[in-house]
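Here's entry_1.pdb, which has PDB, C-alpha atoms:
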ATOM      1  CA  MET A   1     -20.159   9.635  -6.804  1.00  0.00           C
ATOM      2  CA  ALA A   2     -20.678   6.020  -5.774  1.00  0.00           C
ATOM      3  CA  ALA A   3     -18.476   3.842  -3.586  1.00  0.00           C
ATOM      4  CA  GLY A   4     -17.939   0.102  -3.324  1.00  0.00           C
ATOM      5  CA  SER A   5     -20.771  -0.202  -0.797  1.00  0.00           C
ATOM      6  CA  TRP A   6     -23.156   0.016  -3.759  1.00  0.00           C
ATOM      7  CA  GLY A   7     -22.205  -3.568  -4.510  1.00  0.00           C
ATOM      8  CA  THR A   8     -23.482  -4.734  -1.111  1.00  0.00           C
ATOM      9  CA  ILE A   9     -26.293  -2.492   0.181  1.00  0.00           C
ATOM     10  CA  GLY A  10     -28.964  -4.106  -1.973  1.00  0.00           C
ATOM     11  CA  SER A  11     -28.223  -7.467  -0.340  1.00  0.00           C
ATOM     12  CA  LEU A  12     -28.315  -6.005   3.179  1.00  0.00           C
ATOM     13  CA  TYR A  13     -31.257  -3.602   3.011  1.00  0.00           C
ATOM     14  CA  LYS A  14     -34.538  -3.149   1.129  1.00  0.00           C
ATOM     15  CA  LEU A  15     -33.928  -0.150  -1.114  1.00  0.00           C
ATOM     16  CA  PRO A  16     -36.633   2.125  -2.591  1.00  0.00           C
ATOM     17  CA  PHE A  17     -34.878   1.998  -5.976  1.00  0.00           C
ATOM     18  CA  ASP A  18     -32.944  -0.406  -8.195  1.00  0.00           C
ATOM     19  CA  LEU A  19     -29.230   0.347  -8.444  1.00  0.00           C
ATOM     20  CA  GLN A  20     -28.945  -1.252 -11.864  1.00  0.00           C
ATOM     21  CA  LYS A  21     -32.183   0.001 -13.463  1.00  0.00           C
ATOM     22  CA  ASP A  22     -32.678   3.464 -11.969  1.00  0.00           C
ATOM     23  CA  LEU A  23     -29.169   4.840 -12.502  1.00  0.00           C
ATOM     24  CA  ALA A  24     -27.011   5.502 -15.549  1.00  0.00           C
ATOM     25  CA  PRO A  25     -23.324   4.601 -15.171  1.00  0.00           C
ATOM     26  CA  ILE A  26     -21.117   7.494 -16.295  1.00  0.00           C
ATOM     27  CA  ALA A  27     -17.481   6.694 -15.576  1.00  0.00           C
ATOM     28  CA  PHE A  28     -15.117   4.709 -13.407  1.00  0.00           C
ATOM     29  CA  VAL A  29     -12.873   6.815 -11.187  1.00  0.00           C
ATOM     30  CA  GLY A  30     -10.621   4.348  -9.414  1.00  0.00           C
ATOM     31  CA  THR A  31     -10.106   1.389  -7.153  1.00  0.00           C
ATOM     32  CA  SER A  32      -8.739   1.108  -3.627  1.00  0.00           C
ATOM     33  CA  PRO A  33      -6.819  -2.129  -2.957  1.00  0.00           C
ATOM     34  CA  TYR A  34      -6.835  -3.667   0.510  1.00  0.00           C
ATOM     35  CA  VAL A  35      -4.114  -5.725   2.143  1.00  0.00           C
ATOM     36  CA  LEU A  36      -4.288  -8.773   4.403  1.00  0.00           C
ATOM     37  CA  VAL A  37      -2.087  -8.415   7.483  1.00  0.00           C
ATOM     38  CA  VAL A  38      -1.335 -10.702  10.419  1.00  0.00           C
ATOM     39  CA  GLN A  39       0.480 -10.451  13.721  1.00  0.00           C
ATOM     40  CA  PRO A  40       4.273 -10.821  13.307  1.00  0.00           C
ATOM     41  CA  THR A  41       4.215 -13.469  16.038  1.00  0.00           C
ATOM     42  CA  LEU A  42       1.890 -15.670  14.006  1.00  0.00           C
ATOM     43  CA  PRO A  43       3.910 -18.500  12.389  1.00  0.00           C
ATOM     44  CA  VAL A  44       2.880 -17.595   8.832  1.00  0.00           C
ATOM     45  CA  LYS A  45       4.760 -15.629   6.177  1.00  0.00           C
ATOM     46  CA  THR A  46       2.548 -16.146   3.126  1.00  0.00           C
ATOM     47  CA  VAL A  47      -1.141 -16.526   2.337  1.00  0.00           C
ATOM     48  CA  ALA A  48      -0.509 -20.220   1.677  1.00  0.00           C
ATOM     49  CA  ASP A  49       0.993 -20.488   5.181  1.00  0.00           C
ATOM     50  CA  LEU A  50      -2.069 -18.769   6.657  1.00  0.00           C
ATOM     51  CA  ILE A  51      -4.428 -21.148   4.873  1.00  0.00           C
ATOM     52  CA  ALA A  52      -2.462 -24.173   6.099  1.00  0.00           C
ATOM     53  CA  TYR A  53      -2.396 -22.787   9.652  1.00  0.00           C
ATOM     54  CA  ALA A  54      -6.136 -22.059   9.605  1.00  0.00           C
ATOM     55  CA  ARG A  55      -6.887 -25.582   8.394  1.00  0.00           C
ATOM     56  CA  ALA A  56      -4.779 -27.024  11.200  1.00  0.00           C
ATOM     57  CA  ASN A  57      -6.456 -24.711  13.743  1.00  0.00           C
ATOM     58  CA  PRO A  58     -10.084 -24.320  12.597  1.00  0.00           C
ATOM     59  CA  GLY A  59     -11.950 -21.418  14.183  1.00  0.00           C
ATOM     60  CA  LYS A  60      -8.985 -20.216  16.234  1.00  0.00           C
ATOM     61  CA  LEU A  61      -7.737 -17.420  13.992  1.00  0.00           C
ATOM     62  CA  THR A  62      -9.520 -14.102  14.494  1.00  0.00           C
ATOM     63  CA  TYR A  63      -9.999 -11.323  11.970  1.00  0.00           C
ATOM     64  CA  ALA A  64     -11.631  -7.931  12.340  1.00  0.00           C
ATOM     65  CA  GLY A  65     -14.217  -5.918  10.489  1.00  0.00           C
ATOM     66  CA  SER A  66     -16.464  -2.920  11.031  1.00  0.00           C
ATOM     67  CA  THR A  67     -19.985  -2.654   9.579  1.00  0.00           C
ATOM     68  CA  PRO A  68     -21.698  -5.813   8.249  1.00  0.00           C
ATOM     69  CA  GLY A  69     -21.188  -4.857   4.604  1.00  0.00           C
ATOM     70  CA  SER A  70     -17.674  -3.484   4.976  1.00  0.00           C
ATOM     71  CA  LEU A  71     -14.947  -4.789   2.701  1.00  0.00           C
ATOM     72  CA  GLN A  72     -12.919  -5.708   5.795  1.00  0.00           C
ATOM     73  CA  ARG A  73     -15.654  -8.155   6.765  1.00  0.00           C
ATOM     74  CA  LEU A  74     -16.548  -9.387   3.299  1.00  0.00           C
ATOM     75  CA  ALA A  75     -12.954  -9.911   2.140  1.00  0.00           C
ATOM     76  CA  GLY A  76     -12.493 -12.221   5.117  1.00  0.00           C
ATOM     77  CA  GLU A  77     -15.676 -14.095   4.300  1.00  0.00           C
ATOM     78  CA  LEU A  78     -14.599 -14.439   0.669  1.00  0.00           C
ATOM     79  CA  LEU A  79     -11.208 -15.776   1.765  1.00  0.00           C
ATOM     80  CA  LYS A  80     -12.863 -18.308   4.070  1.00  0.00           C
ATOM     81  CA  ARG A  81     -15.098 -19.595   1.298  1.00  0.00           C
ATOM     82  CA  THR A  82     -12.524 -19.524  -1.470  1.00  0.00           C
ATOM     83  CA  ALA A  83      -9.788 -21.211   0.556  1.00  0.00           C
ATOM     84  CA  GLY A  84     -12.091 -23.523   2.524  1.00  0.00           C
ATOM     85  CA  ILE A  85     -10.953 -22.324   5.957  1.00  0.00           C
ATOM     86  CA  ASP A  86     -12.656 -21.295   9.191  1.00  0.00           C
ATOM     87  CA  MET A  87     -11.729 -18.033  10.912  1.00  0.00           C
ATOM     88  CA  LEU A  88     -13.581 -16.189  13.676  1.00  0.00           C
ATOM     89  CA  TYR A  89     -14.951 -12.778  12.719  1.00  0.00           C
ATOM     90  CA  VAL A  90     -14.728 -10.122  15.456  1.00  0.00           C
ATOM     91  CA  PRO A  91     -17.024  -7.119  14.839  1.00  0.00           C
ATOM     92  CA  TYR A  92     -16.015  -3.543  15.638  1.00  0.00           C
ATOM     93  CA  LYS A  93     -17.942  -0.277  15.408  1.00  0.00           C
ATOM     94  CA  GLY A  94     -15.341   1.291  13.144  1.00  0.00           C
ATOM     95  CA  THR A  95     -11.931   0.690  11.618  1.00  0.00           C
ATOM     96  CA  GLY A  96     -10.323   3.092  14.103  1.00  0.00           C
ATOM     97  CA  ALA A  97     -11.193   0.740  16.942  1.00  0.00           C
ATOM     98  CA  VAL A  98      -9.531  -2.206  15.194  1.00  0.00           C
ATOM     99  CA  MET A  99      -5.956  -0.885  15.169  1.00  0.00           C
ATOM    100  CA  PRO A 100      -5.262  -0.876  18.941  1.00  0.00           C
ATOM    101  CA  ASP A 101      -6.306  -4.527  19.255  1.00  0.00           C
ATOM    102  CA  LEU A 102      -4.511  -5.503  16.056  1.00  0.00           C
ATOM    103  CA  LEU A 103      -1.263  -3.817  17.111  1.00  0.00           C
ATOM    104  CA  GLY A 104      -1.699  -5.046  20.673  1.00  0.00           C
ATOM    105  CA  GLY A 105      -1.850  -8.677  19.625  1.00  0.00           C
ATOM    106  CA  ARG A 106      -5.475  -9.265  20.572  1.00  0.00           C
ATOM    107  CA  LEU A 107      -6.425  -9.940  16.942  1.00  0.00           C
ATOM    108  CA  ASP A 108      -4.687 -12.264  14.516  1.00  0.00           C
ATOM    109  CA  ALA A 109      -5.521 -10.741  11.146  1.00  0.00           C
ATOM    110  CA  ALA A 110      -7.317  -7.965   9.320  1.00  0.00           C
ATOM    111  CA  PHE A 111      -8.033  -6.518   5.887  1.00  0.00           C
ATOM    112  CA  ASP A 112      -7.810  -2.763   5.341  1.00  0.00           C
ATOM    113  CA  ASN A 113      -6.784  -0.133   2.831  1.00  0.00           C
ATOM    114  CA  VAL A 114      -3.184  -0.631   1.726  1.00  0.00           C
ATOM    115  CA  LEU A 115      -2.359   3.030   2.440  1.00  0.00           C
ATOM    116  CA  VAL A 116      -3.620   2.694   6.032  1.00  0.00           C
ATOM    117  CA  LEU A 117      -1.617  -0.449   6.797  1.00  0.00           C
ATOM    118  CA  ALA A 118       1.564   0.172   4.765  1.00  0.00           C
ATOM    119  CA  PRO A 119       3.347   2.188   7.521  1.00  0.00           C
ATOM    120  CA  TYR A 120       2.784  -0.585  10.081  1.00  0.00           C
ATOM    121  CA  ILE A 121       4.011  -3.221   7.640  1.00  0.00           C
ATOM    122  CA  ARG A 122       7.172  -1.250   6.839  1.00  0.00           C
ATOM    123  CA  LYS A 123       7.914  -0.777  10.563  1.00  0.00           C
ATOM    124  CA  GLY A 124       7.483  -4.508  11.185  1.00  0.00           C
ATOM    125  CA  GLN A 125       4.512  -3.987  13.508  1.00  0.00           C
ATOM    126  CA  LEU A 126       2.322  -6.056  11.179  1.00  0.00           C
ATOM    127  CA  ARG A 127       3.143  -8.619   8.502  1.00  0.00           C
ATOM    128  CA  GLY A 128       1.620  -8.010   5.086  1.00  0.00           C
ATOM    129  CA  LEU A 129       0.671 -11.213   3.278  1.00  0.00           C
ATOM    130  CA  GLY A 130      -0.896  -9.878   0.104  1.00  0.00           C
ATOM    131  CA  VAL A 131      -3.085  -7.269  -1.547  1.00  0.00           C
ATOM    132  CA  THR A 132      -6.644  -8.017  -2.568  1.00  0.00           C
ATOM    133  CA  SER A 133      -6.514  -6.574  -6.092  1.00  0.00           C
ATOM    134  CA  ALA A 134      -5.942  -8.551  -9.281  1.00  0.00           C
ATOM    135  CA  LYS A 135      -2.656  -6.690  -9.827  1.00  0.00           C
ATOM    136  CA  ARG A 136      -0.050  -5.496  -7.353  1.00  0.00           C
ATOM    137  CA  SER A 137      -0.741  -2.135  -5.744  1.00  0.00           C
ATOM    138  CA  VAL A 138       1.035   0.948  -7.017  1.00  0.00           C
ATOM    139  CA  VAL A 139       1.172   2.133  -3.390  1.00  0.00           C
ATOM    140  CA  PHE A 140       2.995  -0.998  -2.160  1.00  0.00           C
ATOM    141  CA  PRO A 141       4.321  -2.876  -5.240  1.00  0.00           C
ATOM    142  CA  GLU A 142       6.570  -5.218  -3.263  1.00  0.00           C
ATOM    143  CA  LEU A 143       3.539  -6.968  -1.765  1.00  0.00           C
ATOM    144  CA  PRO A 144       2.200  -9.876  -3.871  1.00  0.00           C
ATOM    145  CA  THR A 145      -1.498 -10.331  -4.563  1.00  0.00           C
ATOM    146  CA  LEU A 146      -3.543 -12.981  -2.778  1.00  0.00           C
ATOM    147  CA  ALA A 147      -4.044 -14.550  -6.185  1.00  0.00           C
ATOM    148  CA  GLU A 148      -0.269 -14.935  -6.532  1.00  0.00           C
ATOM    149  CA  THR A 149       0.209 -16.496  -3.127  1.00  0.00           C
ATOM    150  CA  GLY A 150      -2.449 -19.128  -2.619  1.00  0.00           C
ATOM    151  CA  VAL A 151      -5.934 -17.920  -3.613  1.00  0.00           C
ATOM    152  CA  PRO A 152      -6.284 -17.870  -7.441  1.00  0.00           C
ATOM    153  CA  GLY A 153      -8.844 -15.382  -8.717  1.00  0.00           C
ATOM    154  CA  PHE A 154      -9.248 -13.547  -5.401  1.00  0.00           C
ATOM    155  CA  HIS A 155     -10.485  -9.999  -5.941  1.00  0.00           C
ATOM    156  CA  ALA A 156     -11.931  -7.641  -3.321  1.00  0.00           C
ATOM    157  CA  VAL A 157     -11.281  -3.922  -3.689  1.00  0.00           C
ATOM    158  CA  GLY A 158     -12.937  -0.649  -2.865  1.00  0.00           C
ATOM    159  CA  TRP A 159     -14.022   1.312  -5.916  1.00  0.00           C
ATOM    160  CA  PHE A 160     -15.478   4.657  -6.973  1.00  0.00           C
ATOM    161  CA  GLY A 161     -17.581   5.668  -9.934  1.00  0.00           C
ATOM    162  CA  VAL A 162     -19.916   8.389 -11.169  1.00  0.00           C
ATOM    163  CA  PHE A 163     -23.599   7.733 -11.905  1.00  0.00           C
ATOM    164  CA  ALA A 164     -26.550   9.858 -13.026  1.00  0.00           C
ATOM    165  CA  ALA A 165     -30.301   9.342 -13.308  1.00  0.00           C
ATOM    166  CA  ALA A 166     -31.340   6.490 -15.599  1.00  0.00           C
ATOM    167  CA  LYS A 167     -32.915   8.741 -18.254  1.00  0.00           C
ATOM    168  CA  THR A 168     -29.898  11.012 -18.692  1.00  0.00           C
ATOM    169  CA  PRO A 169     -29.498  11.609 -22.474  1.00  0.00           C
ATOM    170  CA  PRO A 170     -26.780   9.428 -24.052  1.00  0.00           C
ATOM    171  CA  SER A 171     -25.015  12.515 -25.420  1.00  0.00           C
ATOM    172  CA  ILE A 172     -24.553  13.853 -21.873  1.00  0.00           C
ATOM    173  CA  VAL A 173     -23.356  10.465 -20.608  1.00  0.00           C
ATOM    174  CA  THR A 174     -20.787  10.340 -23.417  1.00  0.00           C
ATOM    175  CA  ARG A 175     -19.595  13.899 -22.761  1.00  0.00           C
ATOM    176  CA  LEU A 176     -19.280  13.410 -19.014  1.00  0.00           C
ATOM    177  CA  ASN A 177     -17.412  10.131 -19.487  1.00  0.00           C
ATOM    178  CA  ALA A 178     -14.920  11.796 -21.828  1.00  0.00           C
ATOM    179  CA  GLU A 179     -14.312  14.701 -19.435  1.00  0.00           C
ATOM    180  CA  ILE A 180     -13.916  12.502 -16.351  1.00  0.00           C
ATOM    181  CA  SER A 181     -11.674  10.028 -18.179  1.00  0.00           C
ATOM    182  CA  ALA A 182      -9.466  12.923 -19.297  1.00  0.00           C
ATOM    183  CA  LEU A 183      -9.191  14.127 -15.704  1.00  0.00           C
ATOM    184  CA  MET A 184      -8.125  10.665 -14.567  1.00  0.00           C
ATOM    185  CA  LYS A 185      -5.150  10.842 -16.938  1.00  0.00           C
ATOM    186  CA  GLU A 186      -3.829  14.120 -15.573  1.00  0.00           C
ATOM    187  CA  PRO A 187      -0.722  13.715 -13.347  1.00  0.00           C
ATOM    188  CA  GLU A 188      -2.140  15.950 -10.602  1.00  0.00           C
ATOM    189  CA  THR A 189      -5.354  13.920 -10.381  1.00  0.00           C
ATOM    190  CA  ARG A 190      -3.433  10.643 -10.390  1.00  0.00           C
ATOM    191  CA  ASP A 191      -1.085  11.838  -7.652  1.00  0.00           C
ATOM    192  CA  ARG A 192      -3.937  13.049  -5.442  1.00  0.00           C
ATOM    193  CA  LEU A 193      -5.786   9.750  -5.795  1.00  0.00           C
ATOM    194  CA  LEU A 194      -2.657   7.716  -5.052  1.00  0.00           C
ATOM    195  CA  ALA A 195      -2.026   9.861  -1.959  1.00  0.00           C
ATOM    196  CA  GLN A 196      -5.409   8.652  -0.669  1.00  0.00           C
ATOM    197  CA  GLY A 197      -4.738   5.002  -1.436  1.00  0.00           C
ATOM    198  CA  ALA A 198      -6.802   4.924  -4.634  1.00  0.00           C
ATOM    199  CA  GLU A 199      -5.603   4.026  -8.114  1.00  0.00           C
ATOM    200  CA  PRO A 200      -7.105   5.777 -11.169  1.00  0.00           C
ATOM    201  CA  LEU A 201      -9.140   3.478 -13.397  1.00  0.00           C
ATOM    202  CA  PRO A 202     -10.871   5.337 -16.221  1.00  0.00           C
ATOM    203  CA  GLY A 203     -13.356   3.312 -18.218  1.00  0.00           C
ATOM    204  CA  SER A 204     -16.511   3.398 -20.313  1.00  0.00           C
ATOM    205  CA  PRO A 205     -20.068   3.567 -18.938  1.00  0.00           C
ATOM    206  CA  ASP A 206     -20.464  -0.085 -19.931  1.00  0.00           C
ATOM    207  CA  ASP A 207     -17.335  -1.023 -17.962  1.00  0.00           C
ATOM    208  CA  LEU A 208     -18.885   0.516 -14.862  1.00  0.00           C
ATOM    209  CA  ARG A 209     -22.263  -1.123 -15.538  1.00  0.00           C
ATOM    210  CA  LYS A 210     -20.677  -4.572 -15.813  1.00  0.00           C
ATOM    211  CA  TYR A 211     -18.493  -4.017 -12.760  1.00  0.00           C
ATOM    212  CA  LEU A 212     -21.454  -3.023 -10.586  1.00  0.00           C
ATOM    213  CA  ALA A 213     -23.385  -6.095 -11.776  1.00  0.00           C
ATOM    214  CA  ARG A 214     -20.425  -8.317 -10.900  1.00  0.00           C
ATOM    215  CA  GLU A 215     -20.051  -6.740  -7.447  1.00  0.00           C
ATOM    216  CA  ILE A 216     -23.749  -7.197  -6.664  1.00  0.00           C
ATOM    217  CA  GLU A 217     -23.612 -10.845  -7.749  1.00  0.00           C
ATOM    218  CA  VAL A 218     -20.363 -11.755  -5.953  1.00  0.00           C
ATOM    219  CA  TRP A 219     -21.064  -9.994  -2.661  1.00  0.00           C
ATOM    220  CA  GLY A 220     -24.730 -10.950  -2.660  1.00  0.00           C
ATOM    221  CA  LYS A 221     -23.692 -14.600  -2.724  1.00  0.00           C
ATOM    222  CA  VAL A 222     -21.156 -14.091   0.083  1.00  0.00           C
ATOM    223  CA  ILE A 223     -23.674 -12.182   2.206  1.00  0.00           C
ATOM    224  CA  ARG A 224     -26.356 -14.840   1.772  1.00  0.00           C
ATOM    225  CA  GLU A 225     -24.014 -17.759   2.476  1.00  0.00           C
ATOM    226  CA  ALA A 226     -22.552 -16.057   5.557  1.00  0.00           C
ATOM    227  CA  GLY A 227     -25.995 -15.037   6.839  1.00  0.00           C
ATOM    228  CA  ILE A 228     -24.920 -11.391   7.183  1.00  0.00           C
ATOM    229  CA  LYS A 229     -27.686  -8.947   8.083  1.00  0.00           C
ATOM    230  CA  GLY A 230     -27.746  -5.153   7.772  1.00  0.00           C
ATOM    231  CA  GLU A 231     -27.703  -3.014  10.888  1.00  0.00           C
ATOM    232  CA  THR A 232     -31.091  -1.751  12.056  1.00  0.00           C
TER     233      THR A 232
END
Could you render the structure from this file as structure tokens?
Amino acid sequence: MAAGSWGTIGSLYKLPFDLQKDLAPIAFVGTSPYVLVVQPTLPVKTVADLIAYARANPGKLTYAGSTPGSLQRLAGELLKRTAGIDMLYVPYKGTGAVMPDLLGGRLDAAFDNVLVLAPYIRKGQLRGLGVTSAKRSVVFPELPTLAETGVPGFHAVGWFGVFAAAKTPPSIVTRLNAEISALMKEPETRDRLLAQGAEPLPGSPDDLRKYLAREIEVWGKVIREAGIKGET
């Protein structure tokens, strides 16, 4: 079972294998949308407002992230480059350490899983500006996407998929894909994934192959341009 970090680790570390050549994609499992939140005291109510505010106050807005290749960090870097704004990245050792400073007003903004941040948004402790997926989240459908509200084409989500060794016989790949895809359509599986902030996304082996290639290309470019290095 692979996670979204597979789209970034090859750009951060020297791996003893090739993610695209040495593995056989089997099936997509799902995606995990993130949401961009800001302090309620910040004078912005939409992503377009945030972009305008950041342009008027370059380098003053802070946003948090955990490990160098985390989606929290990279989504912020992608937003900076796509929107042409400057925000200050504040590193943390883990996402758990971010929340006290975010809720306490010591940070301006953050990206995190929509399920994690939804309760704080609904209580008014944080202001949700938009989700990072191409479509609105099933978990929080009232929130618009970033693409809807000021950043066309923005896409940065966690994802999960199943891979096997590169020389796995095609007949086994086909069988496994069919079985996993069938599981993804079962109500119990769907409900359990949604309860964890993930949305089922069954697909073909080729869908997963193309998606991994896209992730490696997109995040590799962001990592290089931002000068992000892996932890040693």
Box for range 51-59 of chain A - axis-aligned, 5 Å on each of the six sides, all listed atoms - centre and size in Å to one decimal, as AutoDock Vina command-line options.
--center_x -7.2 --center_y -24.1 --center_z 9.5 --size_x 19.6 --size_y 15.9 --size_z 19.3
List the residues matched by the PyMOL selection byres ((chain A and resi 17-28) around 10) in the displayed structure as a PyMOL selection string, ordered by chain and then by residue number.
chain A and resi 1-2+6-7+9-10+14-16+29-31+159-170+172-181+184+200-213+216
Using 12 Å as the limit and counting only C-alpha atoms, can you tabulate each residue of range 30-126 of chain A that touches range 192-195 of chain A, with its shortest atom-to-atom distance in Å and the two atoms involved, as CSV?
residue,atom,partner,partner_atom,distance
A:Gly30,CA,A:Leu193,CA,8.1
A:Thr31,CA,A:Leu193,CA,9.5
A:Ser32,CA,A:Leu194,CA,9.1
A:Pro33,CA,A:Leu194,CA,10.9
A:Asn113,CA,A:Leu194,CA,11.9
A:Val114,CA,A:Leu194,CA,10.8
A:Leu115,CA,A:Ala195,CA,8.1
A:Val116,CA,A:Ala195,CA,10.9
Mind writing the picked residues with C-alpha atoms as an mmCIF file, in the frame of the given file?
data_model
loop_
_atom_site.group_PDB
_atom_site.id
_atom_site.type_symbol
_atom_site.label_atom_id
_atom_site.label_comp_id
_atom_site.auth_asym_id
_atom_site.auth_seq_id
_atom_site.Cartn_x
_atom_site.Cartn_y
_atom_site.Cartn_z
ATOM 1 C CA GLY A 30 -10.621 4.348 -9.414
ATOM 2 C CA THR A 31 -10.106 1.389 -7.153
ATOM 3 C CA SER A 32 -8.739 1.108 -3.627
ATOM 4 C CA PRO A 33 -6.819 -2.129 -2.957
ATOM 5 C CA ASN A 113 -6.784 -0.133 2.831
ATOM 6 C CA VAL A 114 -3.184 -0.631 1.726
ATOM 7 C CA LEU A 115 -2.359 3.030 2.440
ATOM 8 C CA VAL A 116 -3.620 2.694 6.032
#
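Excluding range 226-231 of chain A and any residue on its chain fewer than 4 positions from it, the residues at most 7 Å away by all atoms listed in the file are A:Leu12, A:Tyr13, A:Pro68, A:Val222.
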Kindly provide, as a PyMOL selection string, the polymer residues lying within 6 Å of (-14.8, -3.9, 11.7), counting only C-alpha atoms and using the coordinates exactly as they appear in the file.
chain A and resi 64-67+91-92+94-95
CA of Pro141 in chain A and CA of Val35 in chain A are how many Å apart?
11.6 Å
From A:Pro58, A:Gly150, A:Pro187, A:Gly197, residue lying nearest Asp86 in chain A [all atoms listed in the file]
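Closest candidate: A:Pro58.
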Using the chain letters and numbers from the file, which residues does the PyMOL selection byres ((chain A and resi 61) around 7) grab, as an mmCIF file with C-alpha atoms, in the frame of the given file?
data_model
loop_
_atom_site.group_PDB
_atom_site.id
_atom_site.type_symbol
_atom_site.label_atom_id
_atom_site.label_comp_id
_atom_site.auth_asym_id
_atom_site.auth_seq_id
_atom_site.Cartn_x
_atom_site.Cartn_y
_atom_site.Cartn_z
ATOM 1 C CA ALA A 54 -6.136 -22.059 9.605
ATOM 2 C CA GLY A 59 -11.950 -21.418 14.183
ATOM 3 C CA LYS A 60 -8.985 -20.216 16.234
ATOM 4 C CA THR A 62 -9.520 -14.102 14.494
ATOM 5 C CA TYR A 63 -9.999 -11.323 11.970
ATOM 6 C CA MET A 87 -11.729 -18.033 10.912
ATOM 7 C CA LEU A 88 -13.581 -16.189 13.676
ATOM 8 C CA ASP A 108 -4.687 -12.264 14.516
#
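Minimum atom-to-atom distances from A:Ser137, A:Gln72, A:Gln125, A:Thr82 to Ala198 in chain A were compared using all atoms listed in the file, and the lowest value belongs to A:Ser137.
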Suppose a student applies the PyMOL selection byres ((chain A and resi 44) around 12) to this structure; what residues should they get, written as a list in words?
Val37, Val38, Gln39, Pro40, Thr41, Leu42, Pro43, Lys45, Thr46, Val47, Ala48, Asp49, Leu50, Ile51, Ala52, Tyr53, Ala54, Leu61, Asp108, Ala109, Leu126, Arg127, Gly128 and Leu129 of chain A
Shortest interatomic distance to Pro119 in chain A - which of A:Ala134, A:Phe140, A:Arg81, A:Arg214, counting all atoms listed in the file
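Among the listed residues, A:Phe140 lies closest to Pro119 in chain A.
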Polymer residues at most 6 Å from Val131 in chain A, all atoms listed in the file, same-chain spacing of 3 or more positions, as a list in words:
Tyr34, Val35, Thr145 and Leu146 of chain A
For a test of reading the model, state the distance in Å between CA of His155 in chain A and CA of Thr132 in chain A, rounded to one decimal.
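Between CA of His155 in chain A and CA of Thr132 in chain A the gap is 5.5 Å.
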Å distance separating CA of Val138 in chain A from CA of Pro152 in chain A, one decimal place
20.2 Å
So which one's closest to Leu79 in chain A, A:Gly153, A:Gly4, A:Gly105, A:Gly220? Using all atoms listed in the file, please.
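Between A:Gly153, A:Gly4, A:Gly105, A:Gly220, the residue approaching Leu79 in chain A most closely is A:Gly153.
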